[in-house]
Every structure is written in C-alpha cells, then in structure tokens.
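Shown next, in structure tokens, is the structure this report addresses.
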Amino acid sequence: VVIHTNDMHGRYAADSKEGSLGMSTVTALKGYYQKQGANVLLLDAGDFSQGTNLVNYYKGLDAIYFMNAAGYDAASLGNHEFDYGFDQSMQAFENADFPILSANIYKDGKRVFEPYTILEVGDIKFGVIGLSTEETLTRTKPEYVKDLTVTDSSDELKELLPEVKEQSDFIVVLGHEHTERLRELAQEFSDIDLIIAGHDHEVFKKLEKVGNAYLTSSGIFSHYAGMVDLVFKDKE
C-alpha cells in the first residue's frame with residue numbers, strides 16, 4: 001500500500017472545522033495497514049513545511065518532526081519549502097529521517113538534493129524520484145532562491161530513469177508540478193509506473209491512467225490521504 005499526501009501546508013493537527021485529518025490520522029492509517037500484514041510506503045509530494053503557526057514558529061522544523069514521527073519514507077520538495085529562506089530551510093531538512101528529493105533544483109551547478117531514492121519494501125524495490133516546479137523561483141520570495149536554478153523535468157528524467165530502472169522494480173515520481181505537465185511526462189516516459197502529484201491541489205477520487213503510468217493526488221491541507229493498493233506477482 002502506498003499512502004500519499006501533498007500540499008499539507010502545515011496542517012498537522014486535526015481540525016474538524018477546516019476538515020484536516022491531521023498527522024495522527026495519517027500515522028494511524030499507516031499503522032492499521034501494517035497490522036493487517038501489508039507492506040506500506042508513506043510518501044509526500046511537497047509543500048509540507050509552511051502554512052500554519054504550528055510549523056511557522058520554528059520555521060519548518062516542527063513539520064519535519066511530525067513527518068519523522070509518522071514514519072514518512074520520502075518526500076519531494078515543493079516551491080513553498082523555501083519560504084523561510086534557503087539556509088533556514090536547509091537546516092530544518094537536516095533533521096529529516098527520510099530523504100527529501102528533487103532532481104531538478106541546482107545551486108552553483110550542482111544538485112541541492114538527492115534526485116531519487118531506492119526503497120525496499122518486502123521483496124520489491126521502489127525507485128522514487130522527486131521533481132519540483134520551475135515556479136519554485138517565483139512562488140516564494142525571490143531573494144530566498146536567487147542562487148538556485150530549476151531545470152526542465154524532462155531533461156532530468158531522460159538522464160535518471162535508466163539508472164533508476166536498473167535498481168528498481170517499480171518507479172514512483174513525486175512531482176510537485178502542474179498536473180498537466182505531469183501528464184505530459186507520463187506520456188513521454190513509459191518506465192514511470194506511478195505519479196503522485198502536488199502543487200495544483202487536485203483531489204483524484206480514482207487513479208488516472210496516462211500512458212503506462214497511473215496519476216493521483218490528494219488535494220490540500222490534509223483534507224485527504226491518498227492510498228494506492230499494489231499487488232505484485234513475480235515483481236510485476
């Protein structure tokens with residue numbers, strides 16, 4: 001089972017008025033499936049570190065602590081992750097027990113984050129790639145990201161997918177990009193199996209098949225947690 005979130009924007013406390021599930025629900029959901037004997041991955045597609053006083057006070061650090069406690073396995077970087085400034089955000093990220101991924105954010109010609117991670121769950125190896133929107137340079141304070149470059153996701157995938165495919169049985173893209181752009185990438189790259197979308201705040205009530213991949217997203221503000229039930233036979 002893949003449990004996924006995106007665009008939580010600091011909604012880690014359950015709030016019935018706003019309709020936020022809170023991190024306690026996400027944690028309980030993961031625990032429930034694990035107790036049923038399922039192998040579980042918990043993933044996030046970005047914009048997790050800002051948005052409420054709960055996480056803003058310590059400039060994103062508490063968001064990392066909440067995600068550590070829930071047992072996240074990986075997250076991609078959203079454009080609002082730098083709302084506290086580059087150095088401050090990087091200090092918070094150092095406390096993460098999970099990889100924060102972005103294949104296409106560079107500083108001084110070098111990637112700032114790991115582009116992907118390989119997660120072994122049961123006997124299946126998942127290659128998880130992080131992609132960030134080019135709007136990272138414009139949807140936060142420009143001075144915070146003035147030294148960063150965001151490259152085209154397609155160019156990065158051309159380089160990375162053969163490498164990731166060689167090490168994994170199933171490829172997941174955590175894409176903090178416009179959904180239509182992610183549809184284009186799914187059509188372009190047949191090796192992608194699942195895309196978890198962030199940025200556009202869409203709620204997918206069911207998986208959407210695009211090319212060989214499935215696309216999904218779980219909205220905004222922790223209103224929903226998405227779930228994808230995977231059954232493998234001979235790693236297929």
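Residue numbers start at 1 in each chain; chains themselves are named A, B, ... in the order of the structure tokens; ligands are numbered from 1 in the order shown.
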Write out as JSON, numbers by chain all residues of region 107-157 of chain A that DSSP puts in strand (DSSP E) for this structure's backbone. {"A": [107, 110, 111, 116, 117, 118, 119, 120, 121, 124, 125, 126, 127, 128, 129, 130, 131, 132, 148, 149, 150]}
Contact residues around region 90-99 of chain A with only C-alpha atoms at 9 Å, ignoring same-chain residues under 6 positions, as a PyMOL selection string: chain A and resi 58-65+67-68+71-76+82+113-114+116-117
Next, dump the selected residues to file, keeping only N, CA and C atoms, as an mmCIF file, in the first residue's frame.
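Full text of selection.cif as output:
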data_model
loop_
_atom_site.group_PDB
_atom_site.id
_atom_site.type_symbol
_atom_site.label_atom_id
_atom_site.label_comp_id
_atom_site.auth_asym_id
_atom_site.auth_seq_id
_atom_site.Cartn_x
_atom_site.Cartn_y
_atom_site.Cartn_z
ATOM 1 N N TYR A 58 8.782 27.701 14.303
ATOM 2 C CA TYR A 58 10.156 27.196 14.254
ATOM 3 C C TYR A 58 10.642 27.009 12.816
ATOM 4 N N LYS A 59 9.989 27.714 11.898
ATOM 5 C CA LYS A 59 10.442 27.816 10.512
ATOM 6 C C LYS A 59 10.621 26.454 9.843
ATOM 7 N N GLY A 60 9.571 25.646 9.970
ATOM 8 C CA GLY A 60 9.532 24.374 9.262
ATOM 9 C C GLY A 60 10.084 23.184 10.011
ATOM 10 N N LEU A 61 10.782 23.424 11.097
ATOM 11 C CA LEU A 61 11.406 22.318 11.821
ATOM 12 C C LEU A 61 10.357 21.359 12.390
ATOM 13 N N ASP A 62 9.271 21.896 12.946
ATOM 14 C CA ASP A 62 8.252 21.024 13.518
ATOM 15 C C ASP A 62 7.567 20.180 12.456
ATOM 16 N N ALA A 63 7.473 20.690 11.240
ATOM 17 C CA ALA A 63 6.910 19.884 10.154
ATOM 18 C C ALA A 63 7.745 18.622 9.943
ATOM 19 N N ILE A 64 9.057 18.791 9.990
ATOM 20 C CA ILE A 64 9.951 17.640 9.853
ATOM 21 C C ILE A 64 9.753 16.664 11.010
ATOM 22 N N TYR A 65 9.615 17.191 12.217
ATOM 23 C CA TYR A 65 9.411 16.307 13.373
ATOM 24 C C TYR A 65 8.100 15.525 13.254
ATOM 25 N N MET A 67 6.591 14.659 10.495
ATOM 26 C CA MET A 67 6.749 13.658 9.430
ATOM 27 C C MET A 67 7.661 12.522 9.874
ATOM 28 N N ASN A 68 8.689 12.835 10.655
ATOM 29 C CA ASN A 68 9.527 11.780 11.229
ATOM 30 C C ASN A 68 8.694 10.847 12.095
ATOM 31 N N GLY A 71 6.543 8.480 10.232
ATOM 32 C CA GLY A 71 7.268 7.433 9.516
ATOM 33 C C GLY A 71 7.273 7.604 8.013
ATOM 34 N N TYR A 72 7.368 8.852 7.555
ATOM 35 C CA TYR A 72 7.454 9.070 6.109
ATOM 36 C C TYR A 72 8.705 8.410 5.548
ATOM 37 N N ASP A 73 8.555 7.890 4.340
ATOM 38 C CA ASP A 73 9.664 7.209 3.676
ATOM 39 C C ASP A 73 10.399 8.108 2.691
ATOM 40 N N ALA A 74 9.704 9.117 2.153
ATOM 41 C CA ALA A 74 10.339 10.058 1.235
ATOM 42 C C ALA A 74 9.362 11.199 0.961
ATOM 43 N N ALA A 75 9.918 12.340 0.545
ATOM 44 C CA ALA A 75 9.109 13.491 0.150
ATOM 45 C C ALA A 75 9.834 14.235 -0.958
ATOM 46 N N SER A 76 9.049 14.876 -1.806
ATOM 47 C CA SER A 76 9.659 15.761 -2.802
ATOM 48 C C SER A 76 9.571 17.197 -2.314
ATOM 49 N N PHE A 82 10.949 26.840 0.641
ATOM 50 C CA PHE A 82 11.979 27.859 0.861
ATOM 51 C C PHE A 82 11.402 29.172 1.388
ATOM 52 N N PHE A 113 19.654 18.557 -3.734
ATOM 53 C CA PHE A 113 19.055 17.397 -3.064
ATOM 54 C C PHE A 113 19.352 16.126 -3.850
ATOM 55 N N GLU A 114 19.177 15.005 -3.185
ATOM 56 C CA GLU A 114 19.262 13.732 -3.891
ATOM 57 C C GLU A 114 18.125 13.666 -4.913
ATOM 58 N N TYR A 116 16.815 10.919 -6.318
ATOM 59 C CA TYR A 116 15.934 9.764 -6.124
ATOM 60 C C TYR A 116 16.437 8.928 -4.963
ATOM 61 N N THR A 117 15.589 8.009 -4.540
ATOM 62 C CA THR A 117 15.983 7.036 -3.531
ATOM 63 C C THR A 117 15.410 5.682 -3.923
#
Could you check which of A:Lys209, A:Arg183, A:Lys233, A:His80 is closest to Ile124 (chain A), using only C-alpha atoms? A:Lys233
Can you list, as an NGL selection string, every residue of region 66-156 of chain A that DSSP puts in helix (DSSP H, G or I)? :A and (66-70 or 79-82 or 86-93 or 134-137 or 142-144 or 153-156)
For a test of reading the model, state the distance in Å between CA of Tyr57 (chain A) and CA of Pro142 (chain A), rounded to one decimal. 21.3 Å
For Ser49 (chain A), work out the shell of residues within 7 Å, counting only C-alpha atoms and skipping chain neighbours fewer than 2 positions away, then give it as a JSON list (two decimals) with N, CA and C atoms, in the first residue's frame.
[["chain", "number", "residue", "atom", "x", "y", "z"],
["A", 9, "HIS", "N", 0.75, 22.01, 3.83],
["A", 9, "HIS", "CA", 0.87, 23.40, 4.28],
["A", 9, "HIS", "C", 0.65, 23.54, 5.79],
["A", 10, "GLY", "N", 1.32, 22.67, 6.53],
["A", 10, "GLY", "CA", 1.34, 22.81, 7.98],
["A", 10, "GLY", "C", 0.13, 22.29, 8.71],
["A", 47, "ASP", "N", 5.37, 20.82, -0.47],
["A", 47, "ASP", "CA", 4.69, 21.90, 0.27],
["A", 47, "ASP", "C", 4.19, 21.38, 1.61],
["A", 55, "VAL", "N", 3.76, 25.24, 12.42],
["A", 55, "VAL", "CA", 5.06, 24.95, 11.81],
["A", 55, "VAL", "C", 5.86, 26.22, 11.49],
["A", 60, "GLY", "N", 9.57, 25.65, 9.97],
["A", 60, "GLY", "CA", 9.53, 24.37, 9.26],
["A", 60, "GLY", "C", 10.08, 23.18, 10.01],
["A", 63, "ALA", "N", 7.47, 20.69, 11.24],
["A", 63, "ALA", "CA", 6.91, 19.88, 10.15],
["A", 63, "ALA", "C", 7.75, 18.62, 9.94],
["A", 81, "GLU", "N", 8.71, 25.30, 0.23],
["A", 81, "GLU", "CA", 9.68, 24.82, 1.22],
["A", 81, "GLU", "C", 10.75, 25.87, 1.53]]
Excluding region 150-164 of chain A and any residue of its chain fewer than 2 positions from it, enumerate the residues within 6 Å of it, using only C-alpha atoms, and give them as a ChimeraX atom specification. /A:104-105,127,134,166-167
Go ahead and write the residues just picked, all heavy atoms, as a PDB file, in the first residue's frame.
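The resulting file, result13.pdb, is shown below:
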ATOM      1  N   ASN A 104      15.762  18.323  -9.952  1.00  0.00           N
ATOM      2  CA  ASN A 104      15.970  19.441 -10.876  1.00  0.00           C
ATOM      3  C   ASN A 104      16.201  20.788 -10.200  1.00  0.00           C
ATOM      4  O   ASN A 104      16.044  21.830 -10.829  1.00  0.00           O
ATOM      5  CB  ASN A 104      14.807  19.541 -11.869  1.00  0.00           C
ATOM      6  CG  ASN A 104      13.445  19.719 -11.199  1.00  0.00           C
ATOM      7  OD1 ASN A 104      13.190  19.206 -10.118  1.00  0.00           O
ATOM      8  ND2 ASN A 104      12.560  20.447 -11.867  1.00  0.00           N
ATOM      9  N   ILE A 105      16.588  20.801  -8.924  1.00  0.00           N
ATOM     10  CA  ILE A 105      16.991  22.045  -8.267  1.00  0.00           C
ATOM     11  C   ILE A 105      18.512  22.042  -8.094  1.00  0.00           C
ATOM     12  O   ILE A 105      19.077  21.121  -7.500  1.00  0.00           O
ATOM     13  CB  ILE A 105      16.294  22.225  -6.910  1.00  0.00           C
ATOM     14  CG1 ILE A 105      14.795  22.460  -7.115  1.00  0.00           C
ATOM     15  CG2 ILE A 105      16.899  23.395  -6.140  1.00  0.00           C
ATOM     16  CD1 ILE A 105      14.023  22.704  -5.844  1.00  0.00           C
ATOM     17  N   GLY A 127      11.793   2.641  -6.893  1.00  0.00           N
ATOM     18  CA  GLY A 127      12.593   3.809  -7.219  1.00  0.00           C
ATOM     19  C   GLY A 127      11.706   5.035  -7.131  1.00  0.00           C
ATOM     20  O   GLY A 127      10.699   5.132  -7.834  1.00  0.00           O
ATOM     21  N   GLU A 134       9.211  24.627 -11.772  1.00  0.00           N
ATOM     22  CA  GLU A 134      10.056  25.775 -12.092  1.00  0.00           C
ATOM     23  C   GLU A 134       9.552  27.036 -11.399  1.00  0.00           C
ATOM     24  O   GLU A 134      10.298  28.018 -11.261  1.00  0.00           O
ATOM     25  CB  GLU A 134      10.119  25.965 -13.614  1.00  0.00           C
ATOM     26  CG  GLU A 134      10.846  24.820 -14.322  1.00  0.00           C
ATOM     27  CD  GLU A 134      10.954  25.005 -15.820  1.00  0.00           C
ATOM     28  OE1 GLU A 134      11.107  26.158 -16.259  1.00  0.00           O
ATOM     29  OE2 GLU A 134      10.889  24.001 -16.553  1.00  0.00           O
ATOM     30  N   GLU A 166      17.253   0.354 -13.517  1.00  0.00           N
ATOM     31  CA  GLU A 166      18.210  -0.736 -13.306  1.00  0.00           C
ATOM     32  C   GLU A 166      18.215  -1.218 -11.859  1.00  0.00           C
ATOM     33  O   GLU A 166      18.515  -2.377 -11.583  1.00  0.00           O
ATOM     34  CB  GLU A 166      19.604  -0.254 -13.707  1.00  0.00           C
ATOM     35  CG  GLU A 166      20.668  -1.337 -13.714  1.00  0.00           C
ATOM     36  CD  GLU A 166      21.992  -0.808 -14.220  1.00  0.00           C
ATOM     37  OE1 GLU A 166      21.991  -0.048 -15.205  1.00  0.00           O
ATOM     38  OE2 GLU A 166      23.028  -1.159 -13.623  1.00  0.00           O
ATOM     39  N   GLN A 167      17.821  -0.337 -10.923  1.00  0.00           N
ATOM     40  CA  GLN A 167      17.883  -0.662  -9.500  1.00  0.00           C
ATOM     41  C   GLN A 167      16.536  -0.977  -8.869  1.00  0.00           C
ATOM     42  O   GLN A 167      16.481  -1.320  -7.681  1.00  0.00           O
ATOM     43  CB  GLN A 167      18.486   0.529  -8.729  1.00  0.00           C
ATOM     44  CG  GLN A 167      19.859   0.963  -9.186  1.00  0.00           C
ATOM     45  CD  GLN A 167      20.301   2.206  -8.457  1.00  0.00           C
ATOM     46  OE1 GLN A 167      20.544   2.188  -7.245  1.00  0.00           O
ATOM     47  NE2 GLN A 167      20.407   3.321  -9.176  1.00  0.00           N
TER      48      GLN A 167
END
Pick the closest to Lys30 (chain A) from A:Lys206, A:Met227, A:Ser218, A:Thr52: which is it, counting only C-alpha atoms?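 When distances to Lys30 (chain A) are compared using only C-alpha atoms, the smallest one comes from A:Met227.
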One number please: CA of Lys110 (chain A) to CA of Asn79 (chain A), in Å, one decimal.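 CA of Asn79 (chain A) lies at a distance of 18.4 Å from CA of Lys110 (chain A).
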Quick one: of A:Gly175, A:Lys107, A:Asn56, A:Asp234, who's nearest to His4 (chain A), counting only C-alpha atoms? A:Gly175
Skipping near chain neighbours, those fewer than 2 positions away, what residues fall within 7 Å of Ile196 (chain A) using only C-alpha atoms, listed as a PyMOL selection string? chain A and resi 45+173-175+194+198+215-217
Go ahead and save the picked residues with N, CA and C atoms, as a PDB file, in the first residue's frame.
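Here's the written file again_37.pdb:
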ATOM      1  N   ALA A  45       4.307  14.685  -1.688  1.00  0.00           N
ATOM      2  CA  ALA A  45       4.688  15.354  -2.933  1.00  0.00           C
ATOM      3  C   ALA A  45       4.873  16.857  -2.774  1.00  0.00           C
ATOM      4  N   VAL A 173       7.126   8.682  -9.241  1.00  0.00           N
ATOM      5  CA  VAL A 173       7.548  10.079  -9.322  1.00  0.00           C
ATOM      6  C   VAL A 173       6.716  10.892  -8.344  1.00  0.00           C
ATOM      7  N   LEU A 174       7.390  11.594  -7.440  1.00  0.00           N
ATOM      8  CA  LEU A 174       6.751  12.573  -6.568  1.00  0.00           C
ATOM      9  C   LEU A 174       6.920  13.925  -7.245  1.00  0.00           C
ATOM     10  N   GLY A 175       5.878  14.365  -7.936  1.00  0.00           N
ATOM     11  CA  GLY A 175       6.003  15.533  -8.786  1.00  0.00           C
ATOM     12  C   GLY A 175       5.282  16.750  -8.247  1.00  0.00           C
ATOM     13  N   LEU A 194       3.948   5.138 -11.443  1.00  0.00           N
ATOM     14  CA  LEU A 194       3.002   5.886 -10.621  1.00  0.00           C
ATOM     15  C   LEU A 194       3.520   7.303 -10.430  1.00  0.00           C
ATOM     16  N   GLY A 198       1.625  17.016  -6.748  1.00  0.00           N
ATOM     17  CA  GLY A 198       1.374  18.115  -5.844  1.00  0.00           C
ATOM     18  C   GLY A 198       1.251  19.405  -6.625  1.00  0.00           C
ATOM     19  N   LEU A 215      -1.757   8.182 -12.319  1.00  0.00           N
ATOM     20  CA  LEU A 215      -1.577   9.514 -11.741  1.00  0.00           C
ATOM     21  C   LEU A 215      -2.604   9.717 -10.634  1.00  0.00           C
ATOM     22  N   THR A 216      -2.163  10.326  -9.530  1.00  0.00           N
ATOM     23  CA  THR A 216      -3.081  10.591  -8.424  1.00  0.00           C
ATOM     24  C   THR A 216      -2.604  11.796  -7.628  1.00  0.00           C
ATOM     25  N   SER A 217      -3.490  12.352  -6.804  1.00  0.00           N
ATOM     26  CA  SER A 217      -3.174  13.471  -5.931  1.00  0.00           C
ATOM     27  C   SER A 217      -4.243  13.530  -4.847  1.00  0.00           C
TER      28      SER A 217
END
Residue nearest Gly219 (chain A) - candidates A:Asp123, A:Asp200, A:Gly85, A:Leu185, atoms counted: only C-alpha atoms: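 Of A:Asp123, A:Asp200, A:Gly85, A:Leu185, the one nearest Gly219 (chain A), counting only C-alpha atoms, is A:Asp200.
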CA of Asp193 (chain A) and CA of Val210 (chain A) are how many Å apart? 9.7 Å
